[in-house]
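work26.csv (CSV, C-alpha atoms) appears below.
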```csv
chain,number,residue,atom,x,y,z
L,1,MET,CA,30.1,-28.8,-21.7
L,2,GLU,CA,27.9,-31.7,-22.7
L,3,TRP,CA,29.1,-33.6,-25.7
L,4,LEU,CA,26.6,-36.5,-25.8
L,5,ARG,CA,23.1,-35.4,-26.7
L,6,LEU,CA,20.0,-36.7,-28.3
L,7,ASN,CA,20.3,-39.9,-30.2
L,8,SER,CA,24.1,-40.1,-30.2
L,9,GLU,CA,26.2,-43.1,-29.4
L,10,SER,CA,29.6,-42.4,-27.7
L,11,ILE,CA,32.8,-44.3,-27.9
L,12,HIS,CA,35.3,-43.5,-25.1
L,13,ARG,CA,39.0,-44.1,-25.6
L,14,ARG,CA,40.6,-44.1,-22.2
L,15,ALA,CA,44.3,-44.3,-21.4
L,16,PRO,CA,45.4,-46.5,-18.5
L,17,ALA,CA,44.6,-44.9,-15.2
L,18,SER,CA,48.3,-44.7,-14.2
L,19,GLU,CA,48.9,-42.4,-17.2
L,20,HIS,CA,46.1,-39.9,-16.3
L,21,GLY,CA,47.3,-38.4,-13.1
L,22,LYS,CA,45.2,-35.3,-12.2
L,23,ARG,CA,44.1,-34.5,-15.7
L,24,GLY,CA,42.1,-37.6,-16.5
L,25,SER,CA,41.2,-36.2,-19.9
L,26,ARG,CA,40.3,-38.5,-22.8
L,27,ILE,CA,39.4,-38.1,-26.4
L,28,ARG,CA,35.9,-39.1,-27.0
L,29,HIS,CA,34.3,-40.1,-30.3
L,30,PHE,CA,30.6,-39.5,-31.0
L,31,ASN,CA,28.6,-41.3,-33.7
L,32,TYR,CA,25.5,-39.8,-35.2
L,33,GLU,CA,23.1,-41.5,-37.6
L,34,GLY,CA,20.5,-39.8,-39.7
L,35,ALA,CA,22.5,-36.5,-39.4
L,36,VAL,CA,23.8,-33.9,-41.8
L,37,LEU,CA,27.3,-32.3,-42.0
L,38,ASP,CA,27.3,-28.6,-42.4
L,39,CYS,CA,30.3,-28.1,-44.6
L,40,ALA,CA,30.8,-24.5,-43.7
L,41,SER,CA,31.4,-25.3,-40.0
L,42,GLY,CA,32.3,-28.9,-39.8
L,43,GLY,CA,29.3,-29.1,-37.4
L,44,ILE,CA,26.9,-32.0,-37.4
L,45,ILE,CA,23.2,-31.3,-37.4
L,46,LEU,CA,20.9,-33.8,-35.8
L,47,ASN,CA,17.2,-33.1,-35.1
L,48,ASP,CA,17.8,-29.5,-36.2
L,49,ARG,CA,20.5,-28.9,-33.6
L,50,TYR,CA,24.3,-28.6,-33.9
L,51,LEU,CA,26.3,-31.3,-32.3
L,52,PRO,CA,28.7,-31.1,-30.5
L,53,PRO,CA,27.6,-27.6,-29.3
L,54,SER,CA,30.1,-24.9,-30.1
L,55,ARG,CA,30.5,-21.1,-30.2
L,56,GLY,CA,30.5,-18.6,-33.0
L,57,PRO,CA,28.1,-17.0,-35.5
L,58,ARG,CA,27.7,-20.1,-37.6
L,59,TYR,CA,26.3,-21.9,-34.6
L,60,ASP,CA,23.8,-19.1,-33.8
L,61,LEU,CA,21.6,-19.8,-36.8
L,62,SER,CA,17.9,-19.8,-36.4
L,63,ALA,CA,15.8,-23.0,-36.6
L,64,MET,CA,14.6,-22.0,-40.0
L,65,GLU,CA,18.2,-21.4,-41.3
L,66,ILE,CA,19.3,-24.8,-39.9
L,67,ARG,CA,16.3,-26.5,-41.5
L,68,SER,CA,17.3,-24.9,-44.8
L,69,ILE,CA,20.8,-26.4,-44.6
L,70,VAL,CA,19.3,-29.8,-43.8
L,71,ASP,CA,16.8,-29.7,-46.7
L,72,GLU,CA,19.5,-28.7,-49.2
L,73,ALA,CA,22.0,-31.4,-48.1
L,74,THR,CA,23.4,-33.5,-50.9
L,75,GLN,CA,24.0,-37.2,-50.8
L,76,ALA,CA,26.4,-37.9,-53.6
L,77,HIS,CA,28.7,-40.8,-52.8
L,78,THR,CA,28.5,-40.3,-49.0
L,79,ALA,CA,24.9,-41.3,-48.6
L,80,GLU,CA,25.6,-44.9,-47.5
L,81,ALA,CA,29.1,-44.2,-46.1
L,82,HIS,CA,30.5,-43.8,-42.7
L,83,VAL,CA,32.2,-40.4,-42.5
L,84,ALA,CA,34.6,-39.1,-39.9
L,85,VAL,CA,34.8,-35.3,-39.6
L,86,GLY,CA,38.4,-34.1,-39.7
L,87,TYR,CA,38.0,-30.3,-39.5
L,88,ARG,CA,36.0,-27.5,-37.8
L,89,ALA,CA,35.0,-23.9,-38.5
L,90,GLY,CA,37.6,-21.5,-37.4
L,91,TRP,CA,40.7,-23.6,-37.9
L,92,LYS,CA,42.8,-20.7,-39.2
L,93,ASN,CA,46.4,-21.7,-39.0
L,94,TYR,CA,49.0,-24.4,-38.4
L,95,TYR,CA,48.4,-24.4,-34.7
L,96,HIS,CA,44.7,-25.1,-34.9
L,97,TRP,CA,45.2,-27.7,-37.7
L,98,THR,CA,47.8,-29.6,-35.8
L,99,THR,CA,46.5,-29.5,-32.2
L,100,GLN,CA,42.8,-29.9,-33.0
L,101,CYS,CA,42.1,-31.2,-36.4
L,102,LEU,CA,45.1,-33.5,-36.8
L,103,LEU,CA,44.9,-34.7,-33.2
L,104,SER,CA,41.2,-35.7,-33.8
L,105,ILE,CA,42.2,-37.5,-37.0
L,106,HIS,CA,45.0,-39.3,-35.2
L,107,SER,CA,42.5,-40.5,-32.6
L,108,PHE,CA,40.3,-41.8,-35.4
L,109,MET,CA,43.2,-43.8,-36.7
L,110,GLN,CA,44.1,-45.2,-33.3
L,111,ASP,CA,40.6,-46.5,-32.7
L,112,GLY,CA,40.3,-48.0,-36.2
L,113,VAL,CA,37.6,-45.6,-37.4
L,114,LEU,CA,39.5,-44.8,-40.6
L,115,ASP,CA,39.8,-48.5,-41.4
L,116,THR,CA,36.3,-48.3,-42.9
L,117,ALA,CA,35.2,-44.6,-42.7
L,118,LEU,CA,35.9,-41.8,-45.1
L,119,LEU,CA,37.5,-38.6,-43.8
L,120,ALA,CA,35.8,-35.3,-44.5
L,121,VAL,CA,38.1,-32.3,-44.8
L,122,PRO,CA,38.1,-29.0,-46.8
L,123,GLU,CA,40.6,-28.4,-49.5
L,124,LEU,CA,44.0,-28.7,-47.9
L,125,GLY,CA,47.4,-27.2,-48.5
L,126,GLY,CA,50.7,-28.9,-48.8
L,127,ILE,CA,51.5,-28.8,-45.1
L,128,GLN,CA,48.2,-30.3,-44.1
L,129,LEU,CA,48.3,-33.0,-46.8
L,130,ARG,CA,51.9,-33.9,-45.8
L,131,SER,CA,50.8,-34.3,-42.1
L,132,LEU,CA,48.2,-36.8,-43.2
L,133,ASP,CA,50.8,-38.7,-45.2
L,134,LEU,CA,53.0,-38.8,-42.1
L,135,LEU,CA,50.2,-40.3,-40.1
L,136,GLY,CA,49.7,-42.9,-42.8
L,137,ILE,CA,46.3,-41.8,-44.0
L,138,ASP,CA,45.4,-42.9,-47.5
L,139,ARG,CA,44.4,-39.8,-49.5
L,140,GLY,CA,41.9,-42.0,-51.4
L,141,ARG,CA,39.8,-41.9,-48.2
L,142,LEU,CA,39.5,-38.1,-48.2
L,143,VAL,CA,36.2,-36.4,-48.9
L,144,ASN,CA,36.9,-32.8,-49.9
L,145,VAL,CA,33.9,-30.8,-48.8
L,146,ARG,CA,32.9,-27.5,-50.4
L,147,PRO,CA,33.0,-24.3,-48.3
L,148,ALA,CA,29.2,-24.1,-48.5
L,149,GLY,CA,26.4,-26.7,-48.5
L,150,ALA,CA,25.9,-29.9,-46.6
L,151,ILE,CA,26.2,-33.6,-47.1
L,152,ARG,CA,24.4,-36.7,-45.7
L,153,ALA,CA,26.0,-40.0,-44.7
L,154,ARG,CA,24.9,-43.2,-43.1
L,155,LYS,CA,26.9,-42.3,-40.0
L,156,PHE,CA,29.1,-39.4,-38.9
L,157,THR,CA,31.8,-39.6,-36.3
L,158,ALA,CA,33.2,-36.5,-34.5
L,159,ALA,CA,35.8,-36.1,-31.8
L,160,ASN,CA,35.6,-33.7,-28.8
L,161,ALA,CA,39.3,-32.9,-29.4
L,162,MET,CA,38.2,-30.9,-32.4
L,163,PHE,CA,36.6,-28.3,-30.2
L,164,ALA,CA,39.0,-28.3,-27.2
L,165,LEU,CA,42.1,-26.6,-26.1
L,166,THR,CA,43.9,-29.8,-26.7
L,167,ALA,CA,47.3,-29.0,-25.3
L,168,HIS,CA,45.6,-28.5,-22.0
L,169,ARG,CA,43.2,-31.4,-22.1
L,170,PHE,CA,45.0,-34.2,-24.0
L,171,PRO,CA,48.8,-33.7,-23.6
L,172,ARG,CA,49.7,-37.3,-23.7
L,173,GLU,CA,47.7,-37.9,-26.8
L,174,LEU,CA,49.3,-34.9,-28.4
L,175,LYS,CA,52.8,-36.1,-27.5
L,176,LYS,CA,52.0,-39.5,-28.9
L,177,MET,CA,50.8,-38.0,-32.2
L,178,ALA,CA,53.9,-35.8,-32.4
L,179,SER,CA,56.1,-38.8,-32.0
L,180,VAL,CA,54.4,-40.5,-34.9
L,181,LEU,CA,54.8,-37.5,-37.2
L,182,LYS,CA,58.5,-37.1,-36.2
L,183,SER,CA,59.4,-40.7,-36.7
L,184,SER,CA,57.7,-40.7,-40.2
L,185,ALA,CA,59.3,-37.4,-41.4
L,186,SER,CA,62.4,-37.2,-43.5
L,187,LEU,CA,64.9,-35.5,-41.1
L,188,GLU,CA,68.0,-33.8,-42.4
L,189,ARG,CA,70.5,-33.3,-39.6
L,190,ALA,CA,73.4,-31.6,-41.5
L,191,ASP,CA,74.0,-28.0,-40.6
L,192,SER,CA,71.0,-27.8,-38.2
L,193,PRO,CA,71.5,-24.9,-35.8
L,194,SER,CA,71.3,-25.6,-32.1
L,195,ALA,CA,69.7,-22.3,-31.3
L,196,VAL,CA,67.1,-20.6,-33.6
L,197,TYR,CA,65.0,-17.5,-33.7
L,198,ILE,CA,61.7,-18.0,-35.5
L,199,SER,CA,61.1,-14.7,-37.4
L,200,ARG,CA,57.8,-13.0,-38.0
L,201,LEU,CA,59.3,-10.4,-40.4
L,202,ASP,CA,57.0,-11.7,-43.2
L,203,SER,CA,53.8,-11.4,-41.0
L,204,HIS,CA,51.4,-8.5,-41.0
L,205,ARG,CA,49.9,-9.3,-37.6
L,206,ARG,CA,51.2,-8.4,-34.2
L,207,LYS,CA,54.1,-6.5,-35.8
L,208,MET,CA,57.3,-6.2,-33.8
L,209,ARG,CA,58.8,-2.8,-34.9
L,210,ASN,CA,62.4,-3.6,-33.9
L,211,GLU,CA,62.5,-7.3,-34.9
L,212,GLU,CA,65.6,-6.7,-37.1
L,213,ASP,CA,67.4,-5.3,-34.1
L,214,VAL,CA,66.5,-8.3,-32.0
L,215,ILE,CA,67.7,-10.6,-34.8
L,216,THR,CA,71.0,-8.8,-35.1
L,217,ALA,CA,71.7,-9.0,-31.4
L,218,LEU,CA,70.8,-12.7,-31.2
L,219,GLU,CA,73.0,-13.5,-34.2
L,220,LYS,CA,76.0,-12.2,-32.3
L,221,LEU,CA,75.2,-14.9,-29.7
L,222,GLY,CA,75.0,-17.6,-32.4
L,223,VAL,CA,71.2,-17.8,-32.6
L,224,GLN,CA,70.3,-18.4,-36.2
L,225,PRO,CA,67.2,-16.5,-37.6
L,226,VAL,CA,64.8,-18.8,-39.5
L,227,SER,CA,61.4,-18.4,-41.2
L,228,MET,CA,58.9,-21.2,-41.5
L,229,THR,CA,57.3,-19.6,-44.5
L,230,GLY,CA,57.9,-21.8,-47.6
L,231,LYS,CA,59.5,-24.7,-45.6
L,232,THR,CA,58.1,-28.2,-46.0
L,233,LEU,CA,56.7,-29.9,-42.9
L,234,ASP,CA,59.6,-32.3,-42.9
L,235,ASP,CA,62.1,-29.3,-42.8
L,236,GLN,CA,60.2,-27.7,-40.0
L,237,ILE,CA,60.2,-30.8,-37.9
L,238,SER,CA,63.8,-31.5,-38.6
L,239,MET,CA,64.9,-27.9,-37.7
L,240,ILE,CA,63.1,-27.9,-34.3
L,241,SER,CA,64.0,-31.4,-33.4
L,242,ASN,CA,67.7,-30.5,-33.5
L,243,ALA,CA,67.4,-27.1,-31.7
L,244,ARG,CA,68.3,-26.8,-28.0
L,245,LEU,CA,66.9,-23.3,-27.8
L,246,ILE,CA,64.0,-21.8,-29.6
L,247,VAL,CA,63.4,-18.0,-29.3
L,248,ALA,CA,60.4,-16.4,-31.0
L,249,PRO,CA,57.6,-13.9,-30.8
L,250,HIS,CA,54.2,-15.6,-30.3
L,251,GLY,CA,53.0,-17.1,-33.6
L,252,ALA,CA,51.7,-20.3,-35.2
L,253,GLY,CA,55.3,-21.4,-36.2
L,254,LEU,CA,55.8,-22.3,-32.5
L,255,THR,CA,53.5,-25.3,-33.0
L,256,ASN,CA,56.7,-27.1,-34.1
L,257,ILE,CA,57.9,-27.2,-30.5
L,258,LEU,CA,55.9,-30.5,-30.5
L,259,TYR,CA,58.9,-32.0,-32.2
L,260,ALA,CA,61.6,-30.5,-29.9
L,261,ALA,CA,64.0,-32.9,-28.2
L,262,PRO,CA,64.0,-33.5,-24.4
L,263,GLY,CA,66.0,-30.8,-22.7
L,264,ALA,CA,65.2,-28.1,-25.3
L,265,HIS,CA,63.9,-24.7,-24.2
L,266,LEU,CA,61.4,-22.2,-25.6
L,267,TYR,CA,61.8,-18.5,-24.9
L,268,GLU,CA,58.6,-16.8,-26.1
L,269,LEU,CA,58.2,-13.0,-26.7
L,270,PHE,CA,54.8,-11.3,-26.3
L,271,SER,CA,53.1,-8.0,-26.7
L,272,ALA,CA,51.1,-7.3,-23.5
L,273,SER,CA,48.0,-6.8,-25.7
L,274,TYR,CA,48.0,-10.4,-26.8
L,275,THR,CA,49.2,-13.0,-24.3
L,276,VAL,CA,47.9,-16.6,-24.5
L,277,ASN,CA,49.5,-19.7,-23.0
L,278,CYS,CA,48.9,-22.2,-25.8
L,279,TYR,CA,52.7,-22.7,-26.5
L,280,GLN,CA,53.5,-22.9,-22.8
L,281,ALA,CA,51.0,-25.7,-22.7
L,282,LEU,CA,52.6,-27.4,-25.7
L,283,ALA,CA,56.0,-27.1,-24.0
L,284,GLN,CA,54.6,-28.8,-20.9
L,285,ALA,CA,52.9,-31.5,-23.1
L,286,VAL,CA,56.2,-32.5,-24.7
L,287,GLY,CA,58.4,-31.9,-21.6
L,288,ILE,CA,60.6,-29.0,-22.6
L,289,GLY,CA,61.5,-25.8,-20.7
L,290,TYR,CA,59.6,-22.6,-21.1
L,291,THR,CA,60.1,-18.9,-20.2
L,292,ASN,CA,58.7,-15.7,-21.7
L,293,SER,CA,59.0,-11.9,-21.7
L,294,VAL,CA,56.1,-9.5,-22.1
L,295,PHE,CA,56.5,-6.0,-23.6
L,296,GLN,CA,54.1,-3.1,-23.8
L,297,PRO,CA,52.6,-2.3,-27.2
L,298,THR,CA,53.1,1.0,-28.9
L,299,SER,CA,49.8,1.0,-30.7
L,300,GLY,CA,46.8,-1.2,-31.5
L,301,ASP,CA,45.5,-4.2,-29.6
L,302,GLY,CA,45.0,-7.9,-30.1
L,303,HIS,CA,46.2,-9.2,-33.4
L,304,ASN,CA,46.5,-5.6,-34.7
L,305,THR,CA,49.0,-4.5,-32.1
L,306,VAL,CA,52.4,-2.9,-33.0
L,307,TRP,CA,55.1,-3.4,-30.4
L,308,SER,CA,58.8,-3.4,-29.6
L,309,ALA,CA,60.9,-5.8,-27.6
L,310,ASP,CA,63.6,-4.7,-25.2
L,311,VAL,CA,66.7,-5.8,-27.1
L,312,ASP,CA,68.8,-5.9,-24.0
L,313,GLU,CA,66.3,-8.0,-22.0
L,314,VAL,CA,65.9,-10.5,-24.9
L,315,THR,CA,69.7,-10.7,-25.3
L,316,ARG,CA,70.3,-11.1,-21.6
L,317,ASN,CA,67.7,-13.9,-21.2
L,318,THR,CA,68.8,-15.7,-24.4
L,319,GLU,CA,72.4,-15.6,-23.3
L,320,ALA,CA,71.5,-17.1,-19.9
L,321,ARG,CA,69.6,-19.9,-21.6
L,322,LEU,CA,72.4,-20.6,-24.0
L,323,LYS,CA,74.8,-21.0,-21.1
L,324,GLN,CA,72.3,-23.3,-19.3
L,325,ALA,CA,72.0,-25.4,-22.5
L,326,THR,CA,75.8,-25.7,-22.8
L,327,ASN,CA,76.2,-26.7,-19.2
L,328,SER,CA,73.5,-29.4,-19.6
L,329,VAL,CA,75.2,-31.1,-22.6
```

Would you write the structure of this file as structure tokens?
Amino acid sequence: MEWLRLNSESIHRRAPASEHGKRGSRIRHFNYEGAVLDCASGGIILNDRYLPPSRGPRYDLSAMEIRSIVDEATQAHTAEAHVAVGYRAGWKNYYHWTTQCLLSIHSFMQDGVLDTALLAVPELGGIQLRSLDLLGIDRGRLVNVRPAGAIRARKFTAANAMFALTAHRFPRELKKMASVLKSSASLERADSPSAVYISRLDSHRRKMRNEEDVITALEKLGVQPVSMTGKTLDDQISMISNARLIVAPHGAGLTNILYAAPGAHLYELFSASYTVNCYQALAQAVGIGYTNSVFQPTSGDGHNTVWSADVDEVTRNTEARLKQATNSV
């Protein structure tokens, strides 16, 4: 994919060659002058074209529709400002926020972009705002964009990490960001379980029909069921940083393995109708162990699947991992 087009100026942030190995990936920043930010997508429009190019219905607009967005763009207090774009269309959950949006924002900080630039973001929740706090970002520099409309600025800066599968392309940068967040968080170590099961009982997507049976079986092995719902970011970081074994069906809560300690292990459970390797990639990025089990769905497909896990298989594999963790201590 070409990231640099038209009248853009690129800034490359390269790690030392010895750190790159075979991946050689780098986070790139692109500066655009005389452009407009489409608030609905987080995409920059220059010369009536979206930059960087991306996928999705928002980016398939006709030339007339794009021109309408540009013509209606407001200036407000950003007209003469330098604005870094800290979000993108389609960031739907904690995983996308952390591995794409937050990683891009962290790269802006590392390169000194946010020393002078404002940071454009949509209205954020408590978890997102706390993550910015942990990175050391002054909330006074935030520009909260409306879901619709567009804004102008003297210059916009965007990062390719915003549109990438970052765990695959930028593992070292991701690990560095996770270290900053972890070191800044308030970590409570009292009564932290060494083995946890991250529950999805409160989720309506990819429903595991016999999850309560799985939880009961794992509790007998000393694996404590937990839910990330309602927990602060600091609590989530603390919990995972102290766990030696994390067992969980696929879900956004697994993003927290970024904070797992060396030697920890993730055992992920899948429905065969929805298998993606994003958390395997995260595990590799932070250097922890990884295994999974895949089970056939009983109905539906994709995010709407209903499925059951083989309790005996999950129990057997979990027990093996617990013994391995004990022996390695």

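In terms of minimum interatomic distance to Ile246 in chain L, L:Ser199 ranks closest within L:Ser271, L:Thr229, L:Gln128, L:Ser199, counting only C-alpha atoms.
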
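Nearest to Ala281 in chain L of all the residues L:Ile237, L:Leu165, L:Leu218, L:Val223 is L:Leu165, counting all atoms listed in the file.
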
Local residues around (20.8, -26.6, -35.8), at most 7 Å away, using all atoms listed in the file, as a ChimeraX atom specification
/L:45,48-50,61,63,66

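CA of Gly287 in chain L is positioned 15.1 Å from CA of Ala325 in chain L.
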
For Asn160 in chain L, list every protein, DNA or RNA residue within 7 Å, evaluated using all atoms listed in the file, and leave out those in the same chain fewer than 6 positions away; present the list as a list of chain:residue names.
L:Ile27, L:Arg28, L:His29

Considering only C-alpha atoms, tabulate each residue of range 157-257 of chain L that lies at most 10 Å from range 131-139 of chain L along with its nearest interatomic pair and the corresponding distance in Å to one decimal; arrange the rows by chain and ascending residue number and present them as JSON lines.
```
{"residue": "L:Met177", "atom": "CA", "partner": "L:Leu135", "partner_atom": "CA", "distance": 8.2}
{"residue": "L:Ala178", "atom": "CA", "partner": "L:Leu135", "partner_atom": "CA", "distance": 9.7}
{"residue": "L:Val180", "atom": "CA", "partner": "L:Leu135", "partner_atom": "CA", "distance": 6.7}
{"residue": "L:Leu181", "atom": "CA", "partner": "L:Leu134", "partner_atom": "CA", "distance": 5.4}
{"residue": "L:Lys182", "atom": "CA", "partner": "L:Leu134", "partner_atom": "CA", "distance": 8.2}
{"residue": "L:Ser183", "atom": "CA", "partner": "L:Leu134", "partner_atom": "CA", "distance": 8.6}
{"residue": "L:Ser184", "atom": "CA", "partner": "L:Leu134", "partner_atom": "CA", "distance": 5.4}
{"residue": "L:Ala185", "atom": "CA", "partner": "L:Leu134", "partner_atom": "CA", "distance": 6.5}
{"residue": "L:Ser186", "atom": "CA", "partner": "L:Leu134", "partner_atom": "CA", "distance": 9.6}
{"residue": "L:Leu233", "atom": "CA", "partner": "L:Ser131", "partner_atom": "CA", "distance": 7.4}
{"residue": "L:Asp234", "atom": "CA", "partner": "L:Ser131", "partner_atom": "CA", "distance": 9.1}
```

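CA of Ala264 in chain L is found 10.5 Å from CA of Leu322 in chain L.
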
I want to know what sits within 10 Å of Thr275 in chain L, based on only C-alpha atoms, with residues of the same chain fewer than 3 positions away left out; could you give that as a PyMOL selection string?
chain L and resi 250+269-272+278+294+302

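Closest approach to Gly149 in chain L among L:Thr232, L:Ser62, L:Ser192, L:Ser41 is made by L:Ser41 (distances from all atoms listed in the file).
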
Residues within 9 Å of Ser273 in chain L, please, as a PDB file with C-alpha atoms, keeping the file's coordinate frame. Count all atoms listed in the file; anything in the same chain fewer than 6 positions from it doesn't count.
```pdb
ATOM      1  CA  PHE L 295      56.500  -6.000 -23.600  1.00  0.00           C
ATOM      2  CA  GLN L 296      54.100  -3.100 -23.800  1.00  0.00           C
ATOM      3  CA  PRO L 297      52.600  -2.300 -27.200  1.00  0.00           C
ATOM      4  CA  GLY L 300      46.800  -1.200 -31.500  1.00  0.00           C
ATOM      5  CA  ASP L 301      45.500  -4.200 -29.600  1.00  0.00           C
ATOM      6  CA  GLY L 302      45.000  -7.900 -30.100  1.00  0.00           C
ATOM      7  CA  HIS L 303      46.200  -9.200 -33.400  1.00  0.00           C
ATOM      8  CA  THR L 305      49.000  -4.500 -32.100  1.00  0.00           C
TER       9      THR L 305
END
```

Return the single residue from L:Cys101, L:Leu142, L:Lys220, L:Phe156 that is closest to His82 in chain L, with distances computed using only C-alpha atoms.
L:Phe156

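Using all atoms listed in the file, the smallest distance between any of L:Val311, L:Ala252, L:Val145, L:Leu174 and Glu123 in chain L comes from L:Val145.
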
Could you list, as a PDB file with C-alpha atoms, in the frame of the given file, every residue within 12 Å of Thr99 in chain L, counting all atoms listed in the file and ignoring same-chain residues fewer than 5 positions away?
```pdb
ATOM      1  CA  GLY L  86      38.400 -34.100 -39.700  1.00  0.00           C
ATOM      2  CA  TYR L  87      38.000 -30.300 -39.500  1.00  0.00           C
ATOM      3  CA  TRP L  91      40.700 -23.600 -37.900  1.00  0.00           C
ATOM      4  CA  LYS L  92      42.800 -20.700 -39.200  1.00  0.00           C
ATOM      5  CA  ASN L  93      46.400 -21.700 -39.000  1.00  0.00           C
ATOM      6  CA  TYR L  94      49.000 -24.400 -38.400  1.00  0.00           C
ATOM      7  CA  SER L 104      41.200 -35.700 -33.800  1.00  0.00           C
ATOM      8  CA  ILE L 105      42.200 -37.500 -37.000  1.00  0.00           C
ATOM      9  CA  HIS L 106      45.000 -39.300 -35.200  1.00  0.00           C
ATOM     10  CA  SER L 107      42.500 -40.500 -32.600  1.00  0.00           C
ATOM     11  CA  SER L 131      50.800 -34.300 -42.100  1.00  0.00           C
ATOM     12  CA  ALA L 161      39.300 -32.900 -29.400  1.00  0.00           C
ATOM     13  CA  MET L 162      38.200 -30.900 -32.400  1.00  0.00           C
ATOM     14  CA  PHE L 163      36.600 -28.300 -30.200  1.00  0.00           C
ATOM     15  CA  ALA L 164      39.000 -28.300 -27.200  1.00  0.00           C
ATOM     16  CA  LEU L 165      42.100 -26.600 -26.100  1.00  0.00           C
ATOM     17  CA  THR L 166      43.900 -29.800 -26.700  1.00  0.00           C
ATOM     18  CA  ALA L 167      47.300 -29.000 -25.300  1.00  0.00           C
ATOM     19  CA  HIS L 168      45.600 -28.500 -22.000  1.00  0.00           C
ATOM     20  CA  ARG L 169      43.200 -31.400 -22.100  1.00  0.00           C
ATOM     21  CA  PHE L 170      45.000 -34.200 -24.000  1.00  0.00           C
ATOM     22  CA  PRO L 171      48.800 -33.700 -23.600  1.00  0.00           C
ATOM     23  CA  ARG L 172      49.700 -37.300 -23.700  1.00  0.00           C
ATOM     24  CA  GLU L 173      47.700 -37.900 -26.800  1.00  0.00           C
ATOM     25  CA  LEU L 174      49.300 -34.900 -28.400  1.00  0.00           C
ATOM     26  CA  LYS L 175      52.800 -36.100 -27.500  1.00  0.00           C
ATOM     27  CA  LYS L 176      52.000 -39.500 -28.900  1.00  0.00           C
ATOM     28  CA  MET L 177      50.800 -38.000 -32.200  1.00  0.00           C
ATOM     29  CA  ALA L 178      53.900 -35.800 -32.400  1.00  0.00           C
ATOM     30  CA  ALA L 252      51.700 -20.300 -35.200  1.00  0.00           C
ATOM     31  CA  LEU L 254      55.800 -22.300 -32.500  1.00  0.00           C
ATOM     32  CA  THR L 255      53.500 -25.300 -33.000  1.00  0.00           C
ATOM     33  CA  ASN L 256      56.700 -27.100 -34.100  1.00  0.00           C
ATOM     34  CA  ILE L 257      57.900 -27.200 -30.500  1.00  0.00           C
ATOM     35  CA  LEU L 258      55.900 -30.500 -30.500  1.00  0.00           C
ATOM     36  CA  CYS L 278      48.900 -22.200 -25.800  1.00  0.00           C
ATOM     37  CA  TYR L 279      52.700 -22.700 -26.500  1.00  0.00           C
ATOM     38  CA  ALA L 281      51.000 -25.700 -22.700  1.00  0.00           C
ATOM     39  CA  LEU L 282      52.600 -27.400 -25.700  1.00  0.00           C
ATOM     40  CA  ALA L 285      52.900 -31.500 -23.100  1.00  0.00           C
TER      41      ALA L 285
END
```

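Across L:Arg26, L:Arg146, L:Arg141, L:His77, the tightest approach to Cys39 in chain L is made by L:Arg146 when counting only C-alpha atoms.
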
Skipping near chain neighbours, those fewer than 5 positions away, what residues fall within 7 Å of Arg209 in chain L using all atoms listed in the file, listed as a ChimeraX atom specification?
/L:306-308

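For the atom pair formed by CA of Ala248 in chain L and CA of Tyr267 in chain L, the distance is 6.6 Å, given to one decimal.
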
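Residues lying within 10 Å of (66.6, -13.1, -22.4). Counted over all atoms listed in the file, they are L:Leu218, L:Val247, L:Tyr267, L:Glu268, L:Leu269, L:Thr291, L:Asn292, L:Ser293, L:Asp310, L:Val311, L:Asp312, L:Glu313, L:Val314, L:Thr315, L:Arg316, L:Asn317, L:Thr318, L:Glu319, L:Ala320, L:Arg321, L:Leu322.
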